[in-house]
$ cat final_6.csv   # CSV, C-alpha atoms
chain,number,residue,atom,x,y,z
S,1,MET,CA,0.0,0.0,0.0
S,2,LYS,CA,1.4,3.4,-1.0
S,3,LEU,CA,0.8,6.1,1.5
S,4,ALA,CA,1.2,9.9,1.7
S,5,MET,CA,2.1,10.4,5.4
S,6,ILE,CA,1.8,13.7,7.1
S,7,GLY,CA,3.2,14.0,10.7
S,8,PHE,CA,1.4,16.8,12.6
S,9,GLY,CA,3.2,18.1,15.7
S,10,GLN,CA,6.2,16.7,17.5
S,11,ALA,CA,5.1,13.1,18.0
S,12,GLY,CA,3.6,12.8,14.5
S,13,GLY,CA,6.7,14.1,12.8
S,14,LYS,CA,8.9,11.7,14.7
S,15,VAL,CA,6.7,8.7,13.8
S,16,VAL,CA,6.7,9.6,10.1
S,17,ASP,CA,10.5,10.1,10.2
S,18,LYS,CA,10.7,6.6,11.8
S,19,PHE,CA,8.5,5.2,9.0
S,20,LEU,CA,10.9,6.6,6.4
S,21,GLU,CA,13.9,5.0,8.2
S,22,TYR,CA,12.0,1.7,8.3
S,23,ASP,CA,11.3,2.0,4.6
S,24,LYS,CA,15.0,2.5,3.8
S,25,ARG,CA,16.0,-0.4,6.2
S,26,THR,CA,13.6,-3.0,4.8
S,27,GLY,CA,13.1,-1.7,1.3
S,28,SER,CA,9.3,-1.9,1.8
S,29,GLU,CA,8.5,1.4,0.0
S,30,ILE,CA,5.3,2.1,1.9
S,31,VAL,CA,5.8,5.8,2.2
S,32,ARG,CA,5.3,7.3,-1.3
S,33,ALA,CA,5.7,10.8,0.1
S,34,ALA,CA,6.1,12.4,3.5
S,35,ALA,CA,5.7,15.8,5.2
S,36,ALA,CA,5.9,17.2,8.7
S,37,VAL,CA,3.9,20.2,10.0
S,38,ASN,CA,4.7,22.0,13.3
S,39,THR,CA,4.5,25.3,15.1
S,40,ALA,CA,7.9,24.6,16.8
S,41,LYS,CA,10.9,25.2,14.6
S,42,ALA,CA,13.2,23.1,16.9
S,43,ASP,CA,11.0,20.0,16.4
S,44,LEU,CA,11.2,20.2,12.6
S,45,MET,CA,15.0,20.7,12.8
S,46,GLY,CA,15.3,17.5,14.8
S,47,LEU,CA,14.0,15.3,12.0
S,48,GLU,CA,16.4,13.2,10.0
S,49,HIS,CA,14.6,11.5,7.1
S,50,ILE,CA,11.8,13.9,6.0
S,51,PRO,CA,13.2,16.2,3.3
S,52,GLU,CA,13.7,19.8,4.5
S,53,SER,CA,11.5,21.1,1.7
S,54,GLN,CA,8.7,18.9,3.2
S,55,ARG,CA,8.9,20.4,6.7
S,56,VAL,CA,6.3,23.1,7.2
S,57,LEU,CA,6.5,25.6,10.0
S,58,ILE,CA,3.1,27.2,10.6
S,59,GLY,CA,1.8,29.9,13.0
S,60,GLN,CA,5.0,32.1,12.9
S,61,SER,CA,3.0,35.3,13.2
S,62,ARG,CA,1.4,34.0,16.4
S,63,VAL,CA,3.9,31.8,18.2
S,64,LYS,CA,7.2,32.8,16.5
S,65,GLY,CA,8.3,29.2,16.0
S,66,HIS,CA,8.1,28.3,19.7
S,67,GLY,CA,5.1,25.9,19.6
S,68,VAL,CA,1.6,26.4,21.1
S,69,GLY,CA,2.4,25.1,24.7
S,70,ALA,CA,-0.1,22.2,24.8
S,71,ASP,CA,-3.0,24.6,23.8
S,72,ASN,CA,-4.8,22.5,21.2
S,73,GLU,CA,-7.5,25.1,20.6
S,74,LEU,CA,-4.7,27.5,19.4
S,75,GLY,CA,-3.2,24.5,17.5
S,76,ALA,CA,-6.5,24.1,15.6
S,77,GLU,CA,-6.8,27.8,14.9
S,78,ILE,CA,-3.3,28.1,13.5
S,79,ALA,CA,-3.9,25.0,11.3
S,80,GLU,CA,-7.1,26.6,9.9
S,81,GLU,CA,-5.3,29.9,9.3
S,82,ASP,CA,-2.2,28.4,7.6
S,83,ILE,CA,-3.8,25.5,5.8
S,84,ASP,CA,-2.6,26.9,2.4
S,85,GLU,CA,1.0,26.6,3.6
S,86,VAL,CA,0.4,22.9,4.4
S,87,GLN,CA,-1.4,22.4,1.1
S,88,GLY,CA,1.8,23.8,-0.6
S,89,ALA,CA,3.7,20.7,0.7
S,90,ILE,CA,0.9,18.4,-0.3
S,91,ASP,CA,0.9,19.8,-3.8
S,92,SER,CA,4.3,18.2,-4.4
S,93,ILE,CA,3.0,14.8,-3.5
S,94,PRO,CA,2.1,12.6,-6.6
S,95,VAL,CA,-1.4,11.9,-5.4
S,96,HIS,CA,-2.2,9.7,-8.4
S,97,GLU,CA,0.4,7.2,-7.1
S,98,VAL,CA,-1.0,7.1,-3.6
S,99,ASP,CA,-3.6,4.7,-2.2
S,100,ALA,CA,-4.4,6.8,0.9
S,101,PHE,CA,-3.4,9.6,3.2
S,102,LEU,CA,-2.2,8.9,6.7
S,103,VAL,CA,-2.2,11.9,9.2
S,104,VAL,CA,-0.1,11.0,12.2
S,105,ALA,CA,-0.3,12.9,15.5
S,106,GLY,CA,0.1,12.7,19.3
S,107,LEU,CA,-3.3,13.6,20.7
S,108,GLY,CA,-2.1,14.9,24.1
S,109,GLY,CA,-0.1,18.0,23.0
S,110,GLY,CA,-1.2,21.2,21.3
S,111,THR,CA,-0.1,21.3,17.6
S,112,GLY,CA,-0.9,17.8,16.5
S,113,SER,CA,-3.8,17.4,18.8
S,114,GLY,CA,-5.5,20.5,17.4
S,115,GLY,CA,-4.2,20.5,13.9
S,116,ALA,CA,-4.5,16.9,12.7
S,117,PRO,CA,-8.3,16.9,12.7
S,118,VAL,CA,-8.3,20.2,10.8
S,119,LEU,CA,-5.9,18.8,8.1
S,120,ALA,CA,-7.9,15.5,7.8
S,121,LYS,CA,-11.1,17.5,7.2
S,122,HIS,CA,-9.3,19.6,4.5
S,123,LEU,CA,-7.9,16.5,2.7
S,124,LYS,CA,-11.2,14.8,2.7
S,125,ARG,CA,-12.8,17.8,1.1
S,126,ILE,CA,-10.2,18.0,-1.7
S,127,TYR,CA,-9.2,14.4,-2.5
S,128,THR,CA,-11.0,11.2,-3.3
S,129,GLU,CA,-8.4,8.9,-1.7
S,130,PRO,CA,-9.2,7.7,1.8
S,131,VAL,CA,-7.8,9.8,4.7
S,132,TYR,CA,-6.8,7.8,7.8
S,133,GLY,CA,-5.6,9.0,11.1
S,134,LEU,CA,-3.0,7.4,13.4
S,135,GLY,CA,-3.6,8.9,16.8
S,136,ILE,CA,-1.2,8.4,19.8
S,137,LEU,CA,-2.8,8.6,23.2
S,138,PRO,CA,-0.7,10.0,26.1
S,139,GLY,CA,0.1,7.9,29.1
S,140,SER,CA,-2.2,8.4,32.1
S,141,ASP,CA,0.8,9.7,34.2
S,142,GLU,CA,1.4,12.6,31.8
S,143,GLY,CA,-1.1,14.9,33.5
S,144,GLY,CA,-4.7,16.2,33.3
S,145,ILE,CA,-4.2,18.8,30.6
S,146,TYR,CA,-2.8,16.1,28.2
S,147,THR,CA,-5.6,13.8,29.0
S,148,LEU,CA,-8.2,16.6,28.4
S,149,ASN,CA,-6.4,17.4,25.1
S,150,ALA,CA,-6.5,13.8,24.0
S,151,ALA,CA,-10.1,13.2,24.8
S,152,ARG,CA,-11.2,16.4,22.9
S,153,SER,CA,-8.9,15.7,20.0
S,154,PHE,CA,-9.9,12.0,19.8
S,155,GLN,CA,-13.6,12.7,19.4
S,156,THR,CA,-12.9,15.4,16.8
S,157,PHE,CA,-10.3,13.4,14.8
S,158,VAL,CA,-12.4,10.2,14.6
S,159,ARG,CA,-15.2,12.2,12.9
S,160,GLU,CA,-12.9,13.7,10.3
S,161,VAL,CA,-11.1,10.6,9.1
S,162,ASP,CA,-12.2,7.5,7.2
S,163,ASN,CA,-10.8,5.5,10.1
S,164,LEU,CA,-8.7,6.3,13.2
S,165,LEU,CA,-6.0,3.8,14.0
S,166,VAL,CA,-5.0,4.3,17.7
S,167,PHE,CA,-1.8,3.6,19.6
S,168,ASP,CA,-2.1,3.9,23.4
S,169,ASN,CA,1.2,4.9,25.1
S,170,ASP,CA,-0.2,3.9,28.4
S,171,ALA,CA,-0.2,0.2,27.4
S,172,TRP,CA,3.4,0.3,26.2
S,173,ARG,CA,5.4,2.5,28.7
S,174,LYS,CA,7.8,0.5,30.8
S,175,THR,CA,8.6,1.5,34.4
S,176,GLY,CA,12.0,3.0,35.0
S,177,GLU,CA,12.5,3.9,31.4
S,178,SER,CA,14.0,7.2,30.3
S,179,VAL,CA,11.7,9.5,28.5
S,180,GLN,CA,13.9,9.5,25.3
S,181,GLY,CA,14.4,5.7,25.4
S,182,GLY,CA,10.6,5.2,26.1
S,183,TYR,CA,9.5,7.1,23.1
S,184,GLU,CA,12.1,5.6,20.8
S,185,GLN,CA,10.9,2.1,21.8
S,186,ILE,CA,7.2,3.1,21.3
S,187,ASN,CA,7.9,4.6,17.9
S,188,GLU,CA,9.7,1.4,16.9
S,189,GLU,CA,6.7,-0.7,18.0
S,190,ILE,CA,4.3,1.5,16.0
S,191,VAL,CA,6.4,1.4,12.8
S,192,ARG,CA,6.9,-2.4,13.0
S,193,ARG,CA,3.2,-3.2,13.3
S,194,PHE,CA,1.9,-0.7,10.7
S,195,GLY,CA,4.9,-1.4,8.5
S,196,ILE,CA,4.1,-5.0,8.0
S,197,LEU,CA,0.4,-4.3,7.7
S,198,PHE,CA,0.8,-1.6,5.0
S,199,GLY,CA,3.7,-3.4,3.3
S,200,ALA,CA,1.7,-6.6,2.6
S,201,GLY,CA,0.9,-7.1,-1.1
S,202,GLU,CA,3.7,-4.9,-2.4
S,203,VAL,CA,5.7,-7.2,-4.8
S,204,LYS,CA,9.1,-6.1,-6.1
S,205,GLN,CA,11.0,-7.5,-9.0
S,206,GLY,CA,12.2,-11.1,-8.3
S,207,GLN,CA,10.2,-11.4,-5.1
S,208,GLU,CA,7.8,-14.3,-4.3
S,209,VAL,CA,4.1,-13.6,-4.8
S,210,ALA,CA,1.9,-14.5,-1.9
S,211,GLU,CA,-0.4,-17.5,-2.2
S,212,SER,CA,-3.4,-15.4,-1.1
S,213,VAL,CA,-2.4,-11.8,-1.7
S,214,VAL,CA,-3.4,-9.0,0.7
S,215,ASP,CA,-3.3,-5.8,-1.4
S,216,SER,CA,-4.3,-2.2,-0.6
S,217,SER,CA,-8.0,-2.9,-1.5
S,218,GLU,CA,-8.2,-5.5,1.3
S,219,ILE,CA,-6.9,-2.9,3.8
S,220,ILE,CA,-9.2,-0.2,2.4
S,221,ASN,CA,-12.2,-2.5,2.6
S,222,THR,CA,-11.3,-3.5,6.2
S,223,LEU,CA,-11.0,0.2,7.2
S,224,SER,CA,-14.1,1.3,5.4
S,225,GLY,CA,-17.1,2.2,7.6
S,226,GLY,CA,-15.1,4.5,9.8
S,227,GLY,CA,-14.7,4.2,13.6
S,228,VAL,CA,-11.7,3.1,15.6
S,229,SER,CA,-9.1,0.5,14.8
S,230,THR,CA,-6.4,-1.4,16.7
S,231,VAL,CA,-3.6,-3.7,15.6
S,232,GLY,CA,-2.3,-6.9,17.2
S,233,TYR,CA,1.2,-8.4,16.6
S,234,ALA,CA,3.1,-11.5,17.5
S,235,GLU,CA,6.3,-12.9,16.0
S,236,GLU,CA,8.5,-16.0,16.3
S,237,GLU,CA,12.1,-16.3,15.2
S,238,VAL,CA,12.8,-18.9,12.5
S,239,GLU,CA,15.9,-20.1,10.8
S,240,GLU,CA,16.1,-19.7,7.0
S,241,THR,CA,18.2,-22.8,6.5
S,242,SER,CA,17.8,-26.2,4.9
S,243,SER,CA,16.9,-27.8,8.2
S,244,GLY,CA,13.1,-27.8,8.5
S,245,GLY,CA,12.8,-25.5,5.5
S,246,LEU,CA,12.1,-26.1,1.9
S,247,LEU,CA,15.3,-27.9,1.0
S,248,SER,CA,14.9,-30.6,3.7
S,249,ARG,CA,11.3,-31.2,2.5
S,250,LEU,CA,12.5,-31.8,-1.0
S,251,ARG,CA,15.2,-34.2,0.2
S,252,ASN,CA,13.2,-36.2,2.7
S,253,GLY,CA,10.0,-36.9,0.9
S,254,GLU,CA,6.3,-36.8,1.8
S,255,GLU,CA,6.4,-38.0,5.4
S,256,ASN,CA,8.6,-35.1,6.4
S,257,ASP,CA,6.5,-32.8,4.3
S,258,GLU,CA,3.3,-33.7,6.2
S,259,LEU,CA,5.1,-33.3,9.5
S,260,ASP,CA,6.4,-29.9,8.4
S,261,THR,CA,3.0,-28.8,7.2
S,262,ALA,CA,1.4,-29.7,10.5
S,263,HIS,CA,4.1,-27.8,12.4
S,264,THR,CA,3.8,-24.7,10.2
S,265,THR,CA,0.0,-24.8,10.5
S,266,ASN,CA,0.2,-25.0,14.3
S,267,ARG,CA,2.8,-22.2,14.5
S,268,ILE,CA,0.6,-19.9,12.4
S,269,THR,CA,-2.6,-20.6,14.5
S,270,SER,CA,-0.6,-20.0,17.7
S,271,LEU,CA,0.7,-16.7,16.4
S,272,VAL,CA,-2.7,-15.6,15.3
S,273,ARG,CA,-4.0,-16.2,18.9
S,274,LYS,CA,-1.1,-14.4,20.5
S,275,ALA,CA,-1.5,-11.4,18.2
S,276,ALA,CA,-5.3,-11.1,18.9
S,277,LEU,CA,-5.2,-11.8,22.6
S,278,GLY,CA,-1.8,-10.1,23.4
S,279,ARG,CA,-1.0,-6.4,23.6
S,280,LEU,CA,-3.0,-4.5,21.0
S,281,THR,CA,-2.0,-1.0,20.0
S,282,LEU,CA,-5.2,0.1,21.7
S,283,PRO,CA,-6.3,-2.6,24.3
S,284,CYS,CA,-9.9,-3.6,23.8
S,285,GLU,CA,-12.3,-6.6,23.8
S,286,ILE,CA,-12.0,-8.1,20.4
S,287,GLU,CA,-15.6,-9.5,20.5
S,288,GLY,CA,-17.8,-7.2,18.5
S,289,SER,CA,-15.1,-5.9,16.1
S,290,GLU,CA,-16.9,-5.1,12.9
S,291,ARG,CA,-14.2,-6.2,10.5
S,292,ALA,CA,-10.7,-7.8,10.7
S,293,LEU,CA,-7.7,-8.4,8.5
S,294,LEU,CA,-5.0,-11.0,9.2
S,295,VAL,CA,-1.6,-10.8,7.6
S,296,LEU,CA,1.1,-13.6,8.0
S,297,ALA,CA,4.6,-12.4,7.1
S,298,GLY,CA,7.8,-14.3,6.9
S,299,PRO,CA,9.9,-16.6,4.7
S,300,PRO,CA,7.6,-18.4,2.2
S,301,GLU,CA,8.5,-21.9,3.4
S,302,TYR,CA,7.1,-21.1,6.9
S,303,LEU,CA,3.8,-19.9,5.6
S,304,ASN,CA,0.9,-22.1,4.4
S,305,ARG,CA,-2.7,-21.6,3.3
S,306,LYS,CA,-4.1,-24.1,5.8
S,307,GLY,CA,-2.7,-22.2,8.8
S,308,ILE,CA,-3.9,-18.9,7.5
S,309,GLU,CA,-7.4,-20.3,6.8
S,310,ARG,CA,-7.5,-21.9,10.3
S,311,GLY,CA,-6.4,-18.6,11.9
S,312,ARG,CA,-8.9,-16.6,9.9
S,313,LYS,CA,-11.7,-18.9,11.0
S,314,TRP,CA,-10.7,-18.7,14.7
S,315,LEU,CA,-10.7,-14.9,14.3
S,316,GLU,CA,-14.1,-15.0,12.8
S,317,GLU,CA,-15.4,-17.0,15.9
S,318,GLN,CA,-13.7,-14.7,18.4
S,319,THR,CA,-14.9,-11.4,16.9
S,320,GLY,CA,-18.3,-12.5,15.7
S,321,SER,CA,-17.6,-10.7,12.4
S,322,MET,CA,-18.4,-12.1,9.0
S,323,GLU,CA,-15.9,-9.7,7.4
S,324,VAL,CA,-12.5,-11.3,8.2
S,325,ARG,CA,-10.0,-11.1,5.4
S,326,GLY,CA,-6.6,-12.9,5.5
S,327,GLY,CA,-3.5,-13.5,3.4
S,328,ASP,CA,0.3,-14.0,3.5
S,329,TYR,CA,3.2,-11.6,2.9
S,330,PRO,CA,6.4,-13.5,1.7
S,331,TYR,CA,9.2,-11.7,3.5
S,332,ARG,CA,12.5,-13.5,2.7
S,333,GLY,CA,15.4,-12.7,5.0
S,334,SER,CA,13.2,-11.5,7.8
S,335,GLY,CA,14.4,-14.2,10.3
S,336,PHE,CA,10.9,-14.4,11.8
S,337,VAL,CA,7.3,-15.3,11.1
S,338,ALA,CA,4.9,-12.5,12.2
S,339,SER,CA,1.1,-12.3,12.6
S,340,VAL,CA,-0.5,-8.9,12.2
S,341,ILE,CA,-4.2,-8.5,12.9
S,342,LEU,CA,-6.1,-5.3,12.1
S,343,LEU,CA,-9.3,-5.0,14.1
S,344,ALA,CA,-11.6,-2.3,12.7
S,345,GLY,CA,-14.7,-0.8,14.1
S,346,VAL,CA,-13.9,-1.8,17.7
S,347,THR,CA,-16.4,-0.4,20.3
S,348,ASN,CA,-15.7,-2.1,23.6
S,349,VAL,CA,-12.6,0.0,24.6
S,350,PRO,CA,-12.3,0.7,28.4
S,351,ARG,CA,-9.3,3.0,27.9
S,352,ILE,CA,-11.4,5.5,25.8
S,353,LYS,CA,-14.2,5.5,28.4
S,354,GLU,CA,-11.6,6.1,31.2
S,355,LEU,CA,-9.9,8.8,29.1
S,356,GLN,CA,-13.2,10.7,28.6
S,357,GLN,CA,-14.1,10.4,32.3
S,358,VAL,CA,-10.8,11.7,33.5
S,359,ALA,CA,-11.0,14.5,30.9
S,360,ILE,CA,-14.4,15.6,32.1
S,361,GLU,CA,-13.1,15.8,35.7
S,362,ALA,CA,-10.0,17.7,34.5
S,363,GLN,CA,-12.3,20.2,32.6
S,364,ASP,CA,-14.4,20.8,35.7
S,365,ASN,CA,-11.3,21.2,37.9
S,366,LEU,CA,-9.8,23.7,35.5
S,367,GLU,CA,-13.0,25.8,35.5
S,368,GLU,CA,-13.1,25.7,39.4
S,369,ILE,CA,-9.4,26.7,39.6
S,370,ARG,CA,-10.0,29.6,37.1
S,371,GLU,CA,-13.0,30.9,39.1
S,372,GLU,CA,-11.1,30.6,42.4
S,373,SER,CA,-8.1,32.4,40.9
S,374,GLU,CA,-10.2,35.3,39.7
S,375,GLU,CA,-11.8,35.6,43.2
S,376,ASN,CA,-8.3,35.5,44.9
S,377,LEU,CA,-7.0,38.2,42.6
S,378,GLU,CA,-10.0,40.4,43.3
S,379,SER,CA,-9.5,40.0,47.1
S,380,LEU,CA,-5.8,40.8,46.7
S,381,VAL,CA,-6.2,43.9,44.5
S,382,ASP,CA,-9.5,45.4,45.8
S,383,ASP,CA,-9.0,46.8,49.2
S,384,ASP,CA,-12.2,48.4,50.5
S,385,GLU,CA,-10.4,50.6,53.2
S,386,ASP,CA,-8.3,52.8,51.0
S,387,GLU,CA,-9.5,52.8,47.5
S,388,LEU,CA,-6.9,53.7,45.0
S,389,GLU,CA,-7.8,55.2,41.6
S,390,SER,CA,-6.7,53.1,38.7
S,391,LEU,CA,-4.4,54.7,36.1
S,392,PHE,CA,-6.9,54.0,33.2

$ encode --input "final_6.csv" --output "structure tokens"
Amino acid sequence: MKLAMIGFGQAGGKVVDKFLEYDKRTGSEIVRAAAAVNTAKADLMGLEHIPESQRVLIGQSRVKGHGVGADNELGAEIAEEDIDEVQGAIDSIPVHEVDAFLVVAGLGGGTGSGGAPVLAKHLKRIYTEPVYGLGILPGSDEGGIYTLNAARSFQTFVREVDNLLVFDNDAWRKTGESVQGGYEQINEEIVRRFGILFGAGEVKQGQEVAESVVDSSEIINTLSGGGVSTVGYAEEEVEETSSGGLLSRLRNGEENDELDTAHTTNRITSLVRKAALGRLTLPCEIEGSERALLVLAGPPEYLNRKGIERGRKWLEEQTGSMEVRGGDYPYRGSGFVASVILLAGVTNVPRIKELQQVAIEAQDNLEEIREESEENLESLVDDDEDELESLF
């Protein structure tokens, strides 16, 4: 799948930068074009792989390149005002070669949280290609203002995109980890999962073609219908040698072939279960998912149709969905077999309910604090005994 990726704000820019690095490292060619948009000049300068011509600084007349300080209302206003500057970067994207747009943003800050929904709305108005969002939720320990920003951004963003893929930092943060190290690790997890998902079906010269191809239309159909999506992932290391692989099967005849097939099938079904029931990018109950897509990636000799069919059937039973697509992604030289599951239209998501509840409380507290602050200032300045005349 060929994507035009736009990172909005600090987190969004870093994730898109990481996608480009992943593309170069694996040769997957998912990112057809990339851009980063920010109100903070320093964040744009810190990027390594997004071309400088595709880094757009907005809001200079209002924030002078210093960011919006976690004020996502200001972030949204600036995005509206400077949308033509963002469009200038998008004009250089060869849209006829792109299957979809992906707008990536952290939802807890100011620029991405406010600006990403504005950009998504703008893209949907102009282009016929699907516009997806990849929203990153802040950890619950990051503070009330970030939770409030994320809750407000989430409910706006999900309405403006064709589907919102969500990654919850809270489920992935490790205790005792440095901030820098933590975000590096999280960005790596995001890119690995979505990299395999979007990379499936892209066949280069001399590469094996999948038995049952997963192409961009499968992903688009799974994401159609809107709502929220999450991705599950599991992998197992394998050796790409003659032992247990294709060569030994050719040498040792049918008996070994049957044994090998059974082992491969069992490994695949086990990986499908681990991916669905393990750590999802957004933890949720998988029952009631409207649509699902299963991708098995790895060396071709470790993939088989029977295992994928069995995994797909199990996923159908678990989700209760009749729309479960599946296929393989031959990935020679990977050194692992990976199962990636896209669950679209999920509704039973405790983290979102909790996020909204905490945000409502934070909003009420902020209003109380504001009122109290005004009263305190009045009592400090207005002294009834000796009234002073104000200068103006």

$ residues_near_point --input "final_6.csv" --point "(1.0, 22.0, 6.2)" --cutoff "10 Å" --atoms "all atoms listed in the file" --output "compact mmCIF listing (two decimals) with C-alpha atoms, keeping the file's coordinate frame"
# COMPACT_ATOMS: atom_id res chain seq x y z
CA ILE S 6 1.80 13.70 7.10
CA GLY S 7 3.20 14.00 10.70
CA PHE S 8 1.40 16.80 12.60
CA ALA S 35 5.70 15.80 5.20
CA ALA S 36 5.90 17.20 8.70
CA VAL S 37 3.90 20.20 10.00
CA ASN S 38 4.70 22.00 13.30
CA GLN S 54 8.70 18.90 3.20
CA ARG S 55 8.90 20.40 6.70
CA VAL S 56 6.30 23.10 7.20
CA LEU S 57 6.50 25.60 10.00
CA ILE S 58 3.10 27.20 10.60
CA ALA S 79 -3.90 25.00 11.30
CA ASP S 82 -2.20 28.40 7.60
CA ILE S 83 -3.80 25.50 5.80
CA ASP S 84 -2.60 26.90 2.40
CA GLU S 85 1.00 26.60 3.60
CA VAL S 86 0.40 22.90 4.40
CA GLN S 87 -1.40 22.40 1.10
CA GLY S 88 1.80 23.80 -0.60
CA ALA S 89 3.70 20.70 0.70
CA ILE S 90 0.90 18.40 -0.30
CA GLY S 115 -4.20 20.50 13.90
CA ALA S 116 -4.50 16.90 12.70
CA LEU S 119 -5.90 18.80 8.10

$ residues_near_point --input "final_6.csv" --point "(-3.4, 13.4, 21.0)" --cutoff "10 Å" --atoms "only C-alpha atoms" --output "NGL selection string"
:S and (9 or 11-12 or 72 or 104-114 or 116 or 134-138 or 146-154 or 157 or 166 or 168)

$ closest_residue --input "final_6.csv" --among "S:Gly59, S:Gly195, S:Gly320, S:Pro283" --to "S:Ala338" --atoms "all atoms listed in the file"
S:Gly195

$ atom_distance --input "final_6.csv" --atom1 "atom CA of S:Gln363" --atom2 "atom CA of S:Asp71"
13.5 Å

$ closest_residue --input "final_6.csv" --among "S:Lys124, S:Ala234, S:Gly288, S:Ala200" --to "S:Asp328" --atoms "all atoms listed in the file"
S:Ala200

$ residues_around --input "final_6.csv" --residues "S:Phe194" --least-positions-apart "4" --cutoff "12 Å" --atoms "all atoms listed in the file" --output "CSV table (one decimal) with C-alpha atoms, in the frame of the given file"
chain,number,residue,atom,x,y,z
S,1,MET,CA,0.0,0.0,0.0
S,3,LEU,CA,0.8,6.1,1.5
S,15,VAL,CA,6.7,8.7,13.8
S,16,VAL,CA,6.7,9.6,10.1
S,18,LYS,CA,10.7,6.6,11.8
S,19,PHE,CA,8.5,5.2,9.0
S,22,TYR,CA,12.0,1.7,8.3
S,23,ASP,CA,11.3,2.0,4.6
S,28,SER,CA,9.3,-1.9,1.8
S,30,ILE,CA,5.3,2.1,1.9
S,31,VAL,CA,5.8,5.8,2.2
S,102,LEU,CA,-2.2,8.9,6.7
S,104,VAL,CA,-0.1,11.0,12.2
S,134,LEU,CA,-3.0,7.4,13.4
S,165,LEU,CA,-6.0,3.8,14.0
S,166,VAL,CA,-5.0,4.3,17.7
S,167,PHE,CA,-1.8,3.6,19.6
S,187,ASN,CA,7.9,4.6,17.9
S,188,GLU,CA,9.7,1.4,16.9
S,189,GLU,CA,6.7,-0.7,18.0
S,190,ILE,CA,4.3,1.5,16.0
S,198,PHE,CA,0.8,-1.6,5.0
S,199,GLY,CA,3.7,-3.4,3.3
S,200,ALA,CA,1.7,-6.6,2.6
S,219,ILE,CA,-6.9,-2.9,3.8
S,229,SER,CA,-9.1,0.5,14.8
S,230,THR,CA,-6.4,-1.4,16.7
S,231,VAL,CA,-3.6,-3.7,15.6
S,232,GLY,CA,-2.3,-6.9,17.2
S,233,TYR,CA,1.2,-8.4,16.6
S,281,THR,CA,-2.0,-1.0,20.0
S,295,VAL,CA,-1.6,-10.8,7.6
S,339,SER,CA,1.1,-12.3,12.6
S,340,VAL,CA,-0.5,-8.9,12.2
S,341,ILE,CA,-4.2,-8.5,12.9
S,342,LEU,CA,-6.1,-5.3,12.1

$ closest_residue --input "final_6.csv" --among "S:Glu29, S:Asp17, S:Asp141, S:Glu301" --to "S:Leu47" --atoms "all atoms listed in the file"
S:Asp17

$ closest_residue --input "final_6.csv" --among "S:Lys14, S:Arg32, S:Lys64, S:Arg193" --to "S:Met45" --atoms "all atoms listed in the file"
S:Lys14

$ atom_distance --input "final_6.csv" --atom1 "atom CA of S:Val272" --atom2 "atom CA of S:Ser217"
21.7 Å

$ atom_distance --input "final_6.csv" --atom1 "atom CA of S:Asn163" --atom2 "atom CA of S:Ala120"
10.7 Å
